[in-house]
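A.B. asks: Following this message is one structure expressed as structure tokens.
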Amino acid sequence: MENFVGVVNDIVWSNALIVLCLGTGLYFSLRTRFLQVRHFREMFRLLFDGKSTESGVSSFQALSMSLAGRVGTGNIAGVATAIAFGGPGAMFWMWLVAFLGASTAFIEATLAQIYKEKHLGQFRGGPAFYIERGLGIKWFGVLFAIVSVISAGVLLPGVQANSVADGIKNAFNLDTWITGLGVVLIFAAIVFGGVKRIAKFTEYIVPFMAIGYMLIAVVIIAFDIQNLPNVVLLVFKSAFNMEAGFGAVFGLAVQWGVKRGIYSNEAGQGTAPHIAAAANVSHPAKQGLVQSFSVYIDTLLVCSATGFMLLMTGKYNVYNPAYGAGDTAEFLYAGAQNIAVGPGFTQSAMDSVFPGFGSYFVAIALFFFAFTTILAYYYIAETNISYLTRKFESPVFNYVLKIIMMLVIMYGSVNQAKLAWDIGDIGVGLMAWFNIIAILLLQKPALAALKDYEKQKKQGLDPTFNPDDIGVSNAHIWHTINNNKQL
């Protein structure tokens, strides 16, 4: 079974998906005239636009919920893995993916806003919604929703919980079942309070965890600041095969940098649009720009913090691809010998500056990063259940999801779930394939919304959205919003 799942996983997450994500980002960057540069100041201004109402959350709350999903264990372990197998040059390709992916994030988030609906008193939206309403292909939307519920609601949360439990055990020697029970209780206290409680929790925790992590990185970098120019030069030279010693991993630098960049910032994967749709804004393009900014935060700030910590302290390994990473592994660079690829690199980097501090800090960081990701998984699964059960108007399905995820979290905390992780990866990969195909087919409304937003801004207006103005049908919620400002 594991071999079969591994083969399918390799097919789904093949280079074709990497090329598709990168190519889509470049295409949308050109079509939007590089909005990620032109509207950078506007992105920042809009972070605090929009107010929380009974139906929706504020732009900043939606951003925080989105970052809860984007900023996860991949920002610690994923960056270390990219450098280990792709060399320092993998960092450059992660940055490039983030830059191009910001335009993709705008398109999918704007579409989520255009075609959102209201269910059980809350705004809901995402790929399943805009696939059905925008493309008119209901079976495609249903298939996406089913894959999303299984992946985000059943398979992936347990693996994140396992990372939390293992990290706490290694640092504090606390039994995994105790950590699991604690995670379950905190999870229940938040999700049984509804979307608003999730939004409130992430609004405070996500900025705290991201800023705290980056501050530690800045302090570590400051201890050897004179070496920073050399490290930046190393990244660029390695990225283009101009650094002696890393030529063997040049192709892998591109592959691992792009793969980990996409996996971390999620641009195009179809996960973040679910959260973008929950925002209460006057124009879809507003939340599209905010979600573009979230890609920068995830990769250019948080991932870079990890990368620079590793490169500045030298606490990383680069494997020689000719020998693999097993017992016979050989290194092109070995600065963290006898340390497994993953969080251990970051712990070692921190310990080299603050002895004995790394394991504790990374364990705590992993807790916040992974737990908020679990909350994002819950919201994604709940949104797709809402899509599948719109005609029933009953909260019972959401309660069933809560119970199932509590059991999954507890099980995952005490059991290694590699098979579940691999199957979950397949689900997320399929979501990415489905979503990118959908947004390429449905790009016209998002591009028209951007043009409409820019036109109103030039007129000195605070842009508002009327779907009729850009020839969009099947976006009925906006007529209700425009007729009832208190929605």
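By convention here, the chains of the structure tokens are called A, B, ... in the order presented, each chain's residues are numbered starting at 1, and ligands are numbered starting at 1 in the order presented.
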So that I can see what lies close to A:Ala336, please list as an MDAnalysis selection string the residues with an atom at most 12 Å from it, counting only C-alpha atoms and leaving out residues fewer than 2 positions away in the same chain.

C.D. replies: chainID A and resid 80 84 310:311 313:319 331 333:334 338:349 351:352

A.B. asks: So that I can check the secondary structure, give me every residue of stretch 223-368 of chain A assigned alpha helix (DSSP H) by backbone DSSP, as a ChimeraX atom specification.

C.D. replies: /A:228-239,250-265,272-276,284-295,304-313,343-353,358-368

A.B. asks: Determine the nearest neighbour of A:Ala272 from the options A:Thr81, A:Thr32, A:Ser66, A:Asn474, counting only C-alpha atoms.

C.D. replies: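 Selected residue with least distance to A:Ala272: A:Ser66.
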
A.B. asks: Pick out the closest residue to A:Arg31 from this set: A:Val235, A:Leu111, A:Ala370, A:Ala448. Count only C-alpha atoms.

C.D. replies: A:Ala448

A.B. asks: Which residue gives the smallest distance to A:Phe92 among A:Val164, A:Val258, A:Ala222, A:Ile198, with only C-alpha atoms counted?

C.D. replies: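 Nearest candidate to A:Phe92 out of A:Val164, A:Val258, A:Ala222, A:Ile198: A:Val258.
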
A.B. asks: Compile the contact shell of A:Gly153 as a ChimeraX atom specification: residues with an atom at most 7 Å away, counting only C-alpha atoms, same-chain residues fewer than 2 positions apart removed.

C.D. replies: /A:149-151,155,157,377-378,381,405

A.B. asks: Please write the residues from the selection above to a file, keeping N, CA and C atoms, as a compact mmCIF listing (two decimals), in the first residue's frame.

C.D. replies:
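Saved file selection_12.txt follows:
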# COMPACT_ATOMS: atom_id res chain seq x y z
N VAL A 149 -12.31 17.77 1.70
CA VAL A 149 -12.80 17.33 3.02
C VAL A 149 -11.96 16.17 3.53
N ILE A 150 -11.70 15.20 2.66
CA ILE A 150 -10.92 14.02 3.08
C ILE A 150 -9.49 14.41 3.45
N SER A 151 -8.86 15.25 2.62
CA SER A 151 -7.47 15.63 2.86
C SER A 151 -7.33 16.52 4.09
N LEU A 155 -7.06 13.39 6.89
CA LEU A 155 -5.71 12.86 6.74
C LEU A 155 -4.60 13.76 7.29
N PRO A 157 -4.54 16.61 9.44
CA PRO A 157 -4.43 17.14 10.81
C PRO A 157 -3.63 16.24 11.75
N TYR A 377 -6.84 23.86 8.40
CA TYR A 377 -7.38 22.64 7.80
C TYR A 377 -8.86 22.49 8.14
N TYR A 378 -9.18 22.75 9.42
CA TYR A 378 -10.58 22.62 9.83
C TYR A 378 -11.47 23.56 9.04
N ALA A 381 -11.96 22.30 5.47
CA ALA A 381 -12.87 21.16 5.44
C ALA A 381 -14.31 21.59 5.70
N MET A 405 -12.22 15.26 13.63
CA MET A 405 -10.89 15.86 13.69
C MET A 405 -10.28 15.76 15.08

A.B. asks: Rounded to one decimal, what separation in Å do you get between atom CA of A:Ser58 and atom CA of A:Asn280?

C.D. replies: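 Going from atom CA of A:Ser58 over to atom CA of A:Asn280 covers 5.7 Å.
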
A.B. asks: Excluding A:Ala16 and its own-chain neighbours fewer than 6 positions away, which residues fall within 12 Å of it when counting only C-alpha atoms? Please give them as an NGL selection string.

C.D. replies: :A and (10 or 22-24 or 255 or 258-259 or 429 or 432-433)

A.B. asks: Excluding A:Ile76 and any residue of its chain fewer than 6 positions from it, enumerate the residues within 12 Å of it, using only C-alpha atoms, and give them as a ChimeraX atom specification.

C.D. replies: /A:82-83,163,210,213-214,217,260,264,298-299,302-310,341-347,349,361-363,365-367,369-370

A.B. asks: Residues within 12 Å of A:Gly193, please, as a PyMOL selection string. Count only C-alpha atoms; anything in the same chain fewer than 6 positions from it doesn't count.

C.D. replies: chain A and resi 186-187+199-201+398-399+402

A.B. asks: Going by DSSP on the backbone, which bits of stretch 280-406 of chain A are strand (DSSP E or B)? Write them as an mmCIF file with C-alpha atoms, in the first residue's frame, please.

C.D. replies:
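Wrote out.cif, looks like this:
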data_model
loop_
_atom_site.group_PDB
_atom_site.id
_atom_site.type_symbol
_atom_site.label_atom_id
_atom_site.label_comp_id
_atom_site.auth_asym_id
_atom_site.auth_seq_id
_atom_site.Cartn_x
_atom_site.Cartn_y
_atom_site.Cartn_z
ATOM 1 C CA ASN A 317 24.260 19.835 5.259
ATOM 2 C CA VAL A 318 24.086 19.570 1.481
ATOM 3 C CA TYR A 319 23.834 15.987 0.305
ATOM 4 C CA PHE A 331 28.040 15.629 1.669
ATOM 5 C CA LEU A 332 28.985 18.479 -0.592
ATOM 6 C CA TYR A 333 28.897 20.541 2.583
ATOM 7 C CA ALA A 334 28.625 19.205 6.138
#

A.B. asks: When you draw a straight line from atom CA of A:Arg197 to atom CA of A:Trp177, how long is it in Å?

C.D. replies: 25.7 Å

A.B. asks: Quick one: pull the distance between atom CA of A:Gly245 and atom CA of A:Gly89, Å, one decimal.

C.D. replies: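 Between atom CA of A:Gly245 and atom CA of A:Gly89 the gap works out to 12.0 Å.
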
A.B. asks: Please identify all polymer residues within 12 Å of A:Ser473, counting only C-alpha atoms, omitting same-chain residues fewer than 5 positions from it, and present them as a PyMOL selection string.

C.D. replies: chain A and resi 114-115+130+133-136+445+466-468+478-479

A.B. asks: Using N, CA and C atoms, can you export the residues from the last selection as a CSV table (one decimal), in the first residue's frame?

C.D. replies:
chain,number,residue,atom,x,y,z
A,114,ILE,N,-15.7,36.9,-5.5
A,114,ILE,CA,-16.8,37.2,-6.5
A,114,ILE,C,-17.9,36.2,-6.3
A,115,TYR,N,-17.5,34.9,-6.2
A,115,TYR,CA,-18.5,33.8,-6.2
A,115,TYR,C,-18.9,33.2,-4.9
A,130,TYR,N,-16.5,28.6,-7.0
A,130,TYR,CA,-16.3,29.3,-8.2
A,130,TYR,C,-16.2,28.3,-9.4
A,133,ARG,N,-20.1,27.9,-9.9
A,133,ARG,CA,-20.8,29.1,-10.4
A,133,ARG,C,-20.2,29.8,-11.6
A,134,GLY,N,-18.9,29.8,-11.6
A,134,GLY,CA,-18.2,30.5,-12.7
A,134,GLY,C,-18.0,29.7,-13.9
A,135,LEU,N,-17.6,28.4,-13.8
A,135,LEU,CA,-17.5,27.5,-14.9
A,135,LEU,C,-18.7,26.7,-15.3
A,136,GLY,N,-19.6,26.6,-14.3
A,136,GLY,CA,-20.9,25.9,-14.6
A,136,GLY,C,-20.7,24.4,-14.6
A,445,PRO,N,-13.1,37.0,-15.1
A,445,PRO,CA,-13.8,37.8,-14.0
A,445,PRO,C,-12.8,38.4,-13.1
A,466,ASN,N,-20.0,45.8,-8.1
A,466,ASN,CA,-21.3,45.4,-8.7
A,466,ASN,C,-21.0,44.4,-9.9
A,467,PRO,N,-21.3,43.2,-9.7
A,467,PRO,CA,-20.9,42.2,-10.8
A,467,PRO,C,-21.5,42.5,-12.2
A,468,ASP,N,-22.6,43.2,-12.2
A,468,ASP,CA,-23.1,43.6,-13.5
A,468,ASP,C,-22.2,44.6,-14.3
A,478,TRP,N,-23.6,39.5,-4.1
A,478,TRP,CA,-23.1,40.9,-4.1
A,478,TRP,C,-24.3,41.9,-4.3
A,479,HIS,N,-25.4,41.4,-4.9
A,479,HIS,CA,-26.6,42.3,-5.0
A,479,HIS,C,-27.2,42.4,-3.6

A.B. asks: Taking into account only C-alpha atoms, which residue in the set A:Ile437, A:Ser292, A:Phe28, A:Ala171 is nearest to A:Arg41?

C.D. replies: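 Going through A:Ile437, A:Ser292, A:Phe28, A:Ala171 one by one, the smallest distance to A:Arg41 is for A:Ser292.
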